[in-house]
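The file model_25.pdb comes next; it holds PDB, N, CA and C atoms.
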```pdb
ATOM      1  N   MET A   1      10.969  -9.608   8.600
ATOM      2  CA  MET A   1       9.592  -9.206   8.825
ATOM      3  C   MET A   1       8.813  -9.360   7.517
ATOM      4  N   ALA A   2       7.584  -9.781   7.617
ATOM      5  CA  ALA A   2       6.741  -9.995   6.436
ATOM      6  C   ALA A   2       6.219  -8.664   5.894
ATOM      7  N   GLU A   3       6.057  -8.627   4.602
ATOM      8  CA  GLU A   3       5.508  -7.424   3.975
ATOM      9  C   GLU A   3       4.025  -7.301   4.298
ATOM     10  N   ARG A   4       3.581  -6.063   4.437
ATOM     11  CA  ARG A   4       2.166  -5.771   4.674
ATOM     12  C   ARG A   4       1.661  -4.911   3.525
ATOM     13  N   TYR A   5       0.503  -5.262   3.013
ATOM     14  CA  TYR A   5      -0.179  -4.445   2.014
ATOM     15  C   TYR A   5      -1.230  -3.650   2.764
ATOM     16  N   ARG A   6      -1.092  -2.330   2.747
ATOM     17  CA  ARG A   6      -1.952  -1.469   3.553
ATOM     18  C   ARG A   6      -2.693  -0.491   2.640
ATOM     19  N   GLN A   7      -4.005  -0.580   2.648
ATOM     20  CA  GLN A   7      -4.821   0.329   1.847
ATOM     21  C   GLN A   7      -5.103   1.570   2.679
ATOM     22  N   GLU A   8      -4.726   2.711   2.140
ATOM     23  CA  GLU A   8      -4.956   3.960   2.859
ATOM     24  C   GLU A   8      -6.430   4.323   2.783
ATOM     25  N   ILE A   9      -7.003   4.721   3.911
ATOM     26  CA  ILE A   9      -8.409   5.108   3.983
ATOM     27  C   ILE A   9      -8.562   6.508   4.581
ATOM     28  N   THR A  10      -7.513   7.290   4.526
ATOM     29  CA  THR A  10      -7.517   8.640   5.073
ATOM     30  C   THR A  10      -8.494   9.522   4.307
ATOM     31  N   ASP A  11      -9.291  10.303   5.041
ATOM     32  CA  ASP A  11     -10.171  11.298   4.415
ATOM     33  C   ASP A  11      -9.425  12.624   4.413
ATOM     34  N   TRP A  12      -8.931  13.005   3.247
ATOM     35  CA  TRP A  12      -8.122  14.217   3.125
ATOM     36  C   TRP A  12      -8.969  15.480   3.004
ATOM     37  N   GLY A  13     -10.274  15.336   2.801
ATOM     38  CA  GLY A  13     -11.135  16.510   2.683
ATOM     39  C   GLY A  13     -11.143  17.102   1.282
ATOM     40  N   ASP A  14     -10.402  16.524   0.370
ATOM     41  CA  ASP A  14     -10.412  16.955  -1.031
ATOM     42  C   ASP A  14     -10.321  15.702  -1.887
ATOM     43  N   ASN A  15      -9.859  15.819  -3.103
ATOM     44  CA  ASN A  15      -9.793  14.639  -3.982
ATOM     45  C   ASN A  15      -8.396  14.008  -4.045
ATOM     46  N   THR A  16      -7.630  14.122  -2.965
ATOM     47  CA  THR A  16      -6.320  13.488  -2.894
ATOM     48  C   THR A  16      -6.505  11.973  -2.931
ATOM     49  N   PRO A  17      -5.867  11.284  -3.889
ATOM     50  CA  PRO A  17      -6.070   9.834  -3.996
ATOM     51  C   PRO A  17      -5.341   9.056  -2.901
ATOM     52  N   ASN A  18      -5.975   7.997  -2.448
ATOM     53  CA  ASN A  18      -5.356   7.059  -1.508
ATOM     54  C   ASN A  18      -4.888   5.849  -2.294
ATOM     55  N   HIS A  19      -3.721   5.340  -1.958
ATOM     56  CA  HIS A  19      -3.134   4.216  -2.666
ATOM     57  C   HIS A  19      -2.981   3.025  -1.720
ATOM     58  N   ILE A  20      -2.459   1.938  -2.231
ATOM     59  CA  ILE A  20      -2.102   0.785  -1.419
ATOM     60  C   ILE A  20      -0.590   0.831  -1.251
ATOM     61  N   TYR A  21      -0.142   0.781  -0.013
ATOM     62  CA  TYR A  21       1.278   0.879   0.284
ATOM     63  C   TYR A  21       1.800  -0.471   0.753
ATOM     64  N   ILE A  22       3.000  -0.818   0.329
ATOM     65  CA  ILE A  22       3.636  -2.076   0.703
ATOM     66  C   ILE A  22       4.770  -1.721   1.659
ATOM     67  N   THR A  23       4.655  -2.208   2.894
ATOM     68  CA  THR A  23       5.636  -1.865   3.903
ATOM     69  C   THR A  23       6.309  -3.117   4.441
ATOM     70  N   ASP A  24       7.516  -2.923   4.928
ATOM     71  CA  ASP A  24       8.279  -3.979   5.586
ATOM     72  C   ASP A  24       8.805  -3.353   6.867
ATOM     73  N   GLY A  25       8.129  -3.606   7.962
ATOM     74  CA  GLY A  25       8.451  -2.888   9.189
ATOM     75  C   GLY A  25       8.008  -1.449   9.019
ATOM     76  N   ARG A  26       8.899  -0.521   9.243
ATOM     77  CA  ARG A  26       8.570   0.900   9.071
ATOM     78  C   ARG A  26       8.958   1.444   7.699
ATOM     79  N   ALA A  27       9.642   0.643   6.914
ATOM     80  CA  ALA A  27      10.120   1.089   5.604
ATOM     81  C   ALA A  27       9.069   0.851   4.518
ATOM     82  N   LEU A  28       8.971   1.791   3.607
ATOM     83  CA  LEU A  28       8.088   1.679   2.451
ATOM     84  C   LEU A  28       8.877   1.023   1.318
ATOM     85  N   VAL A  29       8.390  -0.130   0.836
ATOM     86  CA  VAL A  29       9.120  -0.834  -0.216
ATOM     87  C   VAL A  29       8.441  -0.724  -1.578
ATOM     88  N   GLY A  30       7.188  -0.251  -1.609
ATOM     89  CA  GLY A  30       6.496  -0.089  -2.874
ATOM     90  C   GLY A  30       5.081   0.404  -2.671
ATOM     91  N   TYR A  31       4.364   0.563  -3.780
ATOM     92  CA  TYR A  31       2.971   0.994  -3.697
ATOM     93  C   TYR A  31       2.223   0.561  -4.951
ATOM     94  N   ILE A  32       0.906   0.589  -4.856
ATOM     95  CA  ILE A  32       0.023   0.325  -5.986
ATOM     96  C   ILE A  32      -0.900   1.521  -6.097
ATOM     97  N   PRO A  33      -0.825   2.282  -7.187
ATOM     98  CA  PRO A  33      -1.688   3.450  -7.336
ATOM     99  C   PRO A  33      -3.169   3.067  -7.342
ATOM    100  N   ARG A  34      -3.993   3.964  -6.852
ATOM    101  CA  ARG A  34      -5.436   3.730  -6.825
ATOM    102  C   ARG A  34      -5.943   3.446  -8.228
ATOM    103  N   GLY A  35      -6.763   2.411  -8.357
ATOM    104  CA  GLY A  35      -7.343   2.053  -9.642
ATOM    105  C   GLY A  35      -6.430   1.229 -10.532
ATOM    106  N   SER A  36      -5.268   0.860 -10.027
ATOM    107  CA  SER A  36      -4.297   0.096 -10.818
ATOM    108  C   SER A  36      -4.058  -1.255 -10.152
ATOM    109  N   LYS A  37      -3.519  -2.184 -10.921
ATOM    110  CA  LYS A  37      -3.094  -3.467 -10.363
ATOM    111  C   LYS A  37      -1.591  -3.638 -10.552
ATOM    112  N   THR A  38      -0.915  -2.544 -10.885
ATOM    113  CA  THR A  38       0.526  -2.577 -11.127
ATOM    114  C   THR A  38       1.264  -2.169  -9.868
ATOM    115  N   GLU A  39       2.151  -3.034  -9.413
ATOM    116  CA  GLU A  39       2.988  -2.754  -8.251
ATOM    117  C   GLU A  39       4.231  -2.008  -8.682
ATOM    118  N   PHE A  40       4.547  -0.957  -7.964
ATOM    119  CA  PHE A  40       5.790  -0.230  -8.182
ATOM    120  C   PHE A  40       6.671  -0.469  -6.963
ATOM    121  N   ARG A  41       7.851  -1.023  -7.185
ATOM    122  CA  ARG A  41       8.795  -1.331  -6.106
ATOM    123  C   ARG A  41       9.971  -0.363  -6.172
ATOM    124  N   PHE A  42      10.450   0.044  -5.015
ATOM    125  CA  PHE A  42      11.617   0.919  -4.938
ATOM    126  C   PHE A  42      12.885   0.073  -4.929
ATOM    127  N   THR A  43      13.961   0.590  -5.490
ATOM    128  CA  THR A  43      15.224  -0.143  -5.497
ATOM    129  C   THR A  43      15.803  -0.227  -4.092
ATOM    130  N   ALA A  44      15.546   0.778  -3.280
ATOM    131  CA  ALA A  44      15.946   0.771  -1.873
ATOM    132  C   ALA A  44      14.737   1.214  -1.047
ATOM    133  N   PRO A  45      14.464   0.567   0.072
ATOM    134  CA  PRO A  45      13.307   0.958   0.887
ATOM    135  C   PRO A  45      13.400   2.401   1.343
ATOM    136  N   SER A  46      12.262   3.073   1.338
ATOM    137  CA  SER A  46      12.195   4.456   1.800
ATOM    138  C   SER A  46      11.955   4.444   3.305
ATOM    139  N   LYS A  47      12.961   4.822   4.060
ATOM    140  CA  LYS A  47      12.855   4.804   5.516
ATOM    141  C   LYS A  47      12.319   6.116   6.073
ATOM    142  N   CYS A  48      12.222   7.134   5.232
ATOM    143  CA  CYS A  48      11.730   8.426   5.713
ATOM    144  C   CYS A  48      10.209   8.547   5.542
ATOM    145  N   TRP A  49       9.566   7.531   5.009
ATOM    146  CA  TRP A  49       8.120   7.512   4.866
ATOM    147  C   TRP A  49       7.481   7.342   6.233
ATOM    148  N   SER A  50       6.365   8.015   6.450
ATOM    149  CA  SER A  50       5.703   7.919   7.742
ATOM    150  C   SER A  50       4.209   7.708   7.561
ATOM    151  N   ALA A  51       3.645   6.862   8.388
ATOM    152  CA  ALA A  51       2.201   6.614   8.375
ATOM    153  C   ALA A  51       1.476   7.542   9.345
ATOM    154  N   THR A  52       2.202   8.388  10.030
ATOM    155  CA  THR A  52       1.618   9.297  11.010
ATOM    156  C   THR A  52       0.582  10.205  10.352
ATOM    157  N   GLY A  53      -0.583  10.306  10.969
ATOM    158  CA  GLY A  53      -1.650  11.167  10.465
ATOM    159  C   GLY A  53      -2.478  10.531   9.365
ATOM    160  N   ARG A  54      -2.210   9.289   9.037
ATOM    161  CA  ARG A  54      -2.950   8.571   8.002
ATOM    162  C   ARG A  54      -3.685   7.395   8.625
ATOM    163  N   LYS A  55      -4.716   6.916   7.922
ATOM    164  CA  LYS A  55      -5.458   5.742   8.375
ATOM    165  C   LYS A  55      -5.331   4.657   7.314
ATOM    166  N   PHE A  56      -5.189   3.412   7.781
ATOM    167  CA  PHE A  56      -4.988   2.279   6.890
ATOM    168  C   PHE A  56      -5.828   1.094   7.338
ATOM    169  N   ARG A  57      -6.016   0.193   6.404
ATOM    170  CA  ARG A  57      -6.533  -1.130   6.738
ATOM    171  C   ARG A  57      -5.627  -2.129   6.032
ATOM    172  N   ASP A  58      -5.302  -3.197   6.730
ATOM    173  CA  ASP A  58      -4.462  -4.245   6.143
ATOM    174  C   ASP A  58      -5.295  -5.076   5.182
ATOM    175  N   LEU A  59      -4.734  -5.375   4.016
ATOM    176  CA  LEU A  59      -5.415  -6.229   3.056
ATOM    177  C   LEU A  59      -5.192  -7.689   3.430
ATOM    178  N   SER A  60      -6.202  -8.511   3.187
ATOM    179  CA  SER A  60      -6.070  -9.945   3.444
ATOM    180  C   SER A  60      -5.219 -10.570   2.346
ATOM    181  N   LYS A  61      -4.750 -11.787   2.597
ATOM    182  CA  LYS A  61      -3.974 -12.501   1.576
ATOM    183  C   LYS A  61      -4.795 -12.684   0.315
ATOM    184  N   LYS A  62      -6.087 -12.943   0.468
ATOM    185  CA  LYS A  62      -6.978 -13.120  -0.684
ATOM    186  C   LYS A  62      -7.062 -11.831  -1.502
ATOM    187  N   GLU A  63      -7.191 -10.691  -0.832
ATOM    188  CA  GLU A  63      -7.257  -9.406  -1.537
ATOM    189  C   GLU A  63      -5.952  -9.115  -2.279
ATOM    190  N   VAL A  64      -4.824  -9.431  -1.667
ATOM    191  CA  VAL A  64      -3.524  -9.212  -2.315
ATOM    192  C   VAL A  64      -3.414 -10.081  -3.572
ATOM    193  N   LEU A  65      -3.823 -11.331  -3.467
ATOM    194  CA  LEU A  65      -3.783 -12.230  -4.629
ATOM    195  C   LEU A  65      -4.695 -11.746  -5.744
ATOM    196  N   GLU A  66      -5.867 -11.202  -5.384
ATOM    197  CA  GLU A  66      -6.787 -10.664  -6.400
ATOM    198  C   GLU A  66      -6.174  -9.467  -7.118
ATOM    199  N   ILE A  67      -5.505  -8.589  -6.358
ATOM    200  CA  ILE A  67      -4.855  -7.426  -6.967
ATOM    201  C   ILE A  67      -3.770  -7.881  -7.930
ATOM    202  N   LYS A  68      -3.028  -8.898  -7.540
ATOM    203  CA  LYS A  68      -1.932  -9.390  -8.377
ATOM    204  C   LYS A  68      -2.436 -10.243  -9.534
ATOM    205  N   GLY A  69      -3.736 -10.546  -9.561
ATOM    206  CA  GLY A  69      -4.307 -11.289 -10.683
ATOM    207  C   GLY A  69      -4.257 -12.790 -10.545
ATOM    208  N   PHE A  70      -4.015 -13.302  -9.331
ATOM    209  CA  PHE A  70      -3.939 -14.740  -9.138
ATOM    210  C   PHE A  70      -5.293 -15.371  -8.802
ATOM    211  N   ASN A  71      -6.202 -14.604  -8.239
ATOM    212  CA  ASN A  71      -7.547 -15.092  -7.916
ATOM    213  C   ASN A  71      -8.552 -14.284  -8.714
ATOM    214  N   LYS A  72      -9.231 -14.923  -9.603
ATOM    215  CA  LYS A  72     -10.213 -14.195 -10.417
ATOM    216  C   LYS A  72     -11.563 -14.817 -10.294
TER     217      LYS A  72
END
```
Would you kindly transcribe this structure into structure tokens?
Amino acid sequence: MAERYRQEITDWGDNTPNHIYITDGRALVGYIPRGSKTEFRFTAPSKCWSATGRKFRDLSKKEVLEIKGFNK
């Protein structure tokens, strides 16, 4: 299954930051903290992560490349 870059858009009602999450199926394989362009990858996918109760939008390939610094 292809990886998906998902930007969280959940309104938490406070100043809880939303990040970009990298998923492969239902497993969380990494994330990019808000305001950063640094990807953090887990050594083993986190299968206990859940998107339930959160809202996301999928990033386009162009947006992913811009975050990674390939399109400027």
- [ ] Within 8 Å of Thr38 in chain A, counting only N, CA and C atoms, which residues show up once you throw out same-chain ones fewer than 6 positions away? Write them as a list of chain:residue names, please.
- [x]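 Close residues of Thr38 in chain A: A:Tyr31, A:Ile32, A:Ile67, A:Lys68.
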Go ahead and write the residues just picked, N, CA and C atoms, as a tab-separated table (two decimals), keeping the file's coordinate frame.
```
chain	number	residue	atom	x	y	z
A	31	TYR	N	4.36	0.56	-3.78
A	31	TYR	CA	2.97	0.99	-3.70
A	31	TYR	C	2.22	0.56	-4.95
A	32	ILE	N	0.91	0.59	-4.86
A	32	ILE	CA	0.02	0.32	-5.99
A	32	ILE	C	-0.90	1.52	-6.10
A	67	ILE	N	-5.50	-8.59	-6.36
A	67	ILE	CA	-4.86	-7.43	-6.97
A	67	ILE	C	-3.77	-7.88	-7.93
A	68	LYS	N	-3.03	-8.90	-7.54
A	68	LYS	CA	-1.93	-9.39	-8.38
A	68	LYS	C	-2.44	-10.24	-9.53
```
TODO: Convert the output of the PyMOL selection byres (((chain A and resi 24 and name CA) around 10) and name CA) on the shown file into explicit residues, formatted as a list of chain:residue names.
DONE: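 Here the PyMOL selection byres (((chain A and resi 24 and name CA) around 10) and name CA) matches A:Met1, A:Ala2, A:Glu3, A:Arg4, A:Tyr5, A:Ile22, A:Thr23, A:Gly25, A:Arg26, A:Ala27, A:Leu28, A:Val29, A:Gly30, A:Pro45, A:Lys47.
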Just asking: which residues within chain A are helix (DSSP H, G or I) according to DSSP, as a CSV table (one decimal) with N, CA and C atoms, keeping the file's coordinate frame?
```csv
chain,number,residue,atom,x,y,z
A,61,LYS,N,-4.8,-11.8,2.6
A,61,LYS,CA,-4.0,-12.5,1.6
A,61,LYS,C,-4.8,-12.7,0.3
A,62,LYS,N,-6.1,-12.9,0.5
A,62,LYS,CA,-7.0,-13.1,-0.7
A,62,LYS,C,-7.1,-11.8,-1.5
A,63,GLU,N,-7.2,-10.7,-0.8
A,63,GLU,CA,-7.3,-9.4,-1.5
A,63,GLU,C,-6.0,-9.1,-2.3
A,64,VAL,N,-4.8,-9.4,-1.7
A,64,VAL,CA,-3.5,-9.2,-2.3
A,64,VAL,C,-3.4,-10.1,-3.6
A,65,LEU,N,-3.8,-11.3,-3.5
A,65,LEU,CA,-3.8,-12.2,-4.6
A,65,LEU,C,-4.7,-11.7,-5.7
A,66,GLU,N,-5.9,-11.2,-5.4
A,66,GLU,CA,-6.8,-10.7,-6.4
A,66,GLU,C,-6.2,-9.5,-7.1
A,67,ILE,N,-5.5,-8.6,-6.4
A,67,ILE,CA,-4.9,-7.4,-7.0
A,67,ILE,C,-3.8,-7.9,-7.9
A,68,LYS,N,-3.0,-8.9,-7.5
A,68,LYS,CA,-1.9,-9.4,-8.4
A,68,LYS,C,-2.4,-10.2,-9.5
```
- [ ] Specify as JSON, numbers by chain each residue included when the PyMOL selection byres (((chain A and resi 18 and name CA) around 12) and name CA) is applied to this file.
- [x] {"A": [6, 7, 8, 9, 10, 11, 12, 13, 14, 15, 16, 17, 19, 20, 21, 31, 32, 33, 34, 35, 36, 54, 55, 56, 57]}
Residues from the last selection, N, CA and C atoms, saved as a short mmCIF file (atom, residue, chain, number, x, y, z; two decimals), keeping the file's coordinate frame:
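Dumped to result_22.cif:
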```cif
data_model
loop_
_atom_site.label_atom_id
_atom_site.label_comp_id
_atom_site.auth_asym_id
_atom_site.auth_seq_id
_atom_site.Cartn_x
_atom_site.Cartn_y
_atom_site.Cartn_z
N ARG A 6 -1.09 -2.33 2.75
CA ARG A 6 -1.95 -1.47 3.55
C ARG A 6 -2.69 -0.49 2.64
N GLN A 7 -4.00 -0.58 2.65
CA GLN A 7 -4.82 0.33 1.85
C GLN A 7 -5.10 1.57 2.68
N GLU A 8 -4.73 2.71 2.14
CA GLU A 8 -4.96 3.96 2.86
C GLU A 8 -6.43 4.32 2.78
N ILE A 9 -7.00 4.72 3.91
CA ILE A 9 -8.41 5.11 3.98
C ILE A 9 -8.56 6.51 4.58
N THR A 10 -7.51 7.29 4.53
CA THR A 10 -7.52 8.64 5.07
C THR A 10 -8.49 9.52 4.31
N ASP A 11 -9.29 10.30 5.04
CA ASP A 11 -10.17 11.30 4.42
C ASP A 11 -9.43 12.62 4.41
N TRP A 12 -8.93 13.00 3.25
CA TRP A 12 -8.12 14.22 3.12
C TRP A 12 -8.97 15.48 3.00
N GLY A 13 -10.27 15.34 2.80
CA GLY A 13 -11.14 16.51 2.68
C GLY A 13 -11.14 17.10 1.28
N ASP A 14 -10.40 16.52 0.37
CA ASP A 14 -10.41 16.95 -1.03
C ASP A 14 -10.32 15.70 -1.89
N ASN A 15 -9.86 15.82 -3.10
CA ASN A 15 -9.79 14.64 -3.98
C ASN A 15 -8.40 14.01 -4.04
N THR A 16 -7.63 14.12 -2.96
CA THR A 16 -6.32 13.49 -2.89
C THR A 16 -6.50 11.97 -2.93
N PRO A 17 -5.87 11.28 -3.89
CA PRO A 17 -6.07 9.83 -4.00
C PRO A 17 -5.34 9.06 -2.90
N HIS A 19 -3.72 5.34 -1.96
CA HIS A 19 -3.13 4.22 -2.67
C HIS A 19 -2.98 3.02 -1.72
N ILE A 20 -2.46 1.94 -2.23
CA ILE A 20 -2.10 0.78 -1.42
C ILE A 20 -0.59 0.83 -1.25
N TYR A 21 -0.14 0.78 -0.01
CA TYR A 21 1.28 0.88 0.28
C TYR A 21 1.80 -0.47 0.75
N TYR A 31 4.36 0.56 -3.78
CA TYR A 31 2.97 0.99 -3.70
C TYR A 31 2.22 0.56 -4.95
N ILE A 32 0.91 0.59 -4.86
CA ILE A 32 0.02 0.32 -5.99
C ILE A 32 -0.90 1.52 -6.10
N PRO A 33 -0.82 2.28 -7.19
CA PRO A 33 -1.69 3.45 -7.34
C PRO A 33 -3.17 3.07 -7.34
N ARG A 34 -3.99 3.96 -6.85
CA ARG A 34 -5.44 3.73 -6.82
C ARG A 34 -5.94 3.45 -8.23
N GLY A 35 -6.76 2.41 -8.36
CA GLY A 35 -7.34 2.05 -9.64
C GLY A 35 -6.43 1.23 -10.53
N SER A 36 -5.27 0.86 -10.03
CA SER A 36 -4.30 0.10 -10.82
C SER A 36 -4.06 -1.25 -10.15
N ARG A 54 -2.21 9.29 9.04
CA ARG A 54 -2.95 8.57 8.00
C ARG A 54 -3.68 7.40 8.62
N LYS A 55 -4.72 6.92 7.92
CA LYS A 55 -5.46 5.74 8.38
C LYS A 55 -5.33 4.66 7.31
N PHE A 56 -5.19 3.41 7.78
CA PHE A 56 -4.99 2.28 6.89
C PHE A 56 -5.83 1.09 7.34
N ARG A 57 -6.02 0.19 6.40
CA ARG A 57 -6.53 -1.13 6.74
C ARG A 57 -5.63 -2.13 6.03
#
```
TODO: Would you mind reading off the distance between atom N of Leu65 in chain A and CA of Lys37 in chain A, one decimal, in Å?
DONE: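 Computed distance, atom N of Leu65 in chain A to CA of Lys37 in chain A, equals 10.5 Å.
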- [ ] Run DSSP on the backbone and give me the residues of chain A it puts in strand (DSSP E or B), as a count of residues only.
- [x] 26
Open item on the list: Please compute the atom N of Trp49 in chain A-atom N of Gly69 in chain A distance, one decimal, in Å.
Closed with: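 These atoms are spaced 26.8 Å apart.
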- [ ] Give me, please, the distance in Å between CA of Ala44 in chain A and atom C of Glu66 in chain A, quoted to one decimal.
- [x] 24.9 Å
Please determine an axis-aligned box that encloses all atoms of range 4-12 of chain A listed in the file, with 8 Å added on each side, and express its centre and edge lengths in Å to one decimal as JSON.
```
{"center_x": -3.3, "center_y": 4.7, "center_z": 3.5, "size_x": 29.8, "size_y": 37.5, "size_z": 19.2}
```
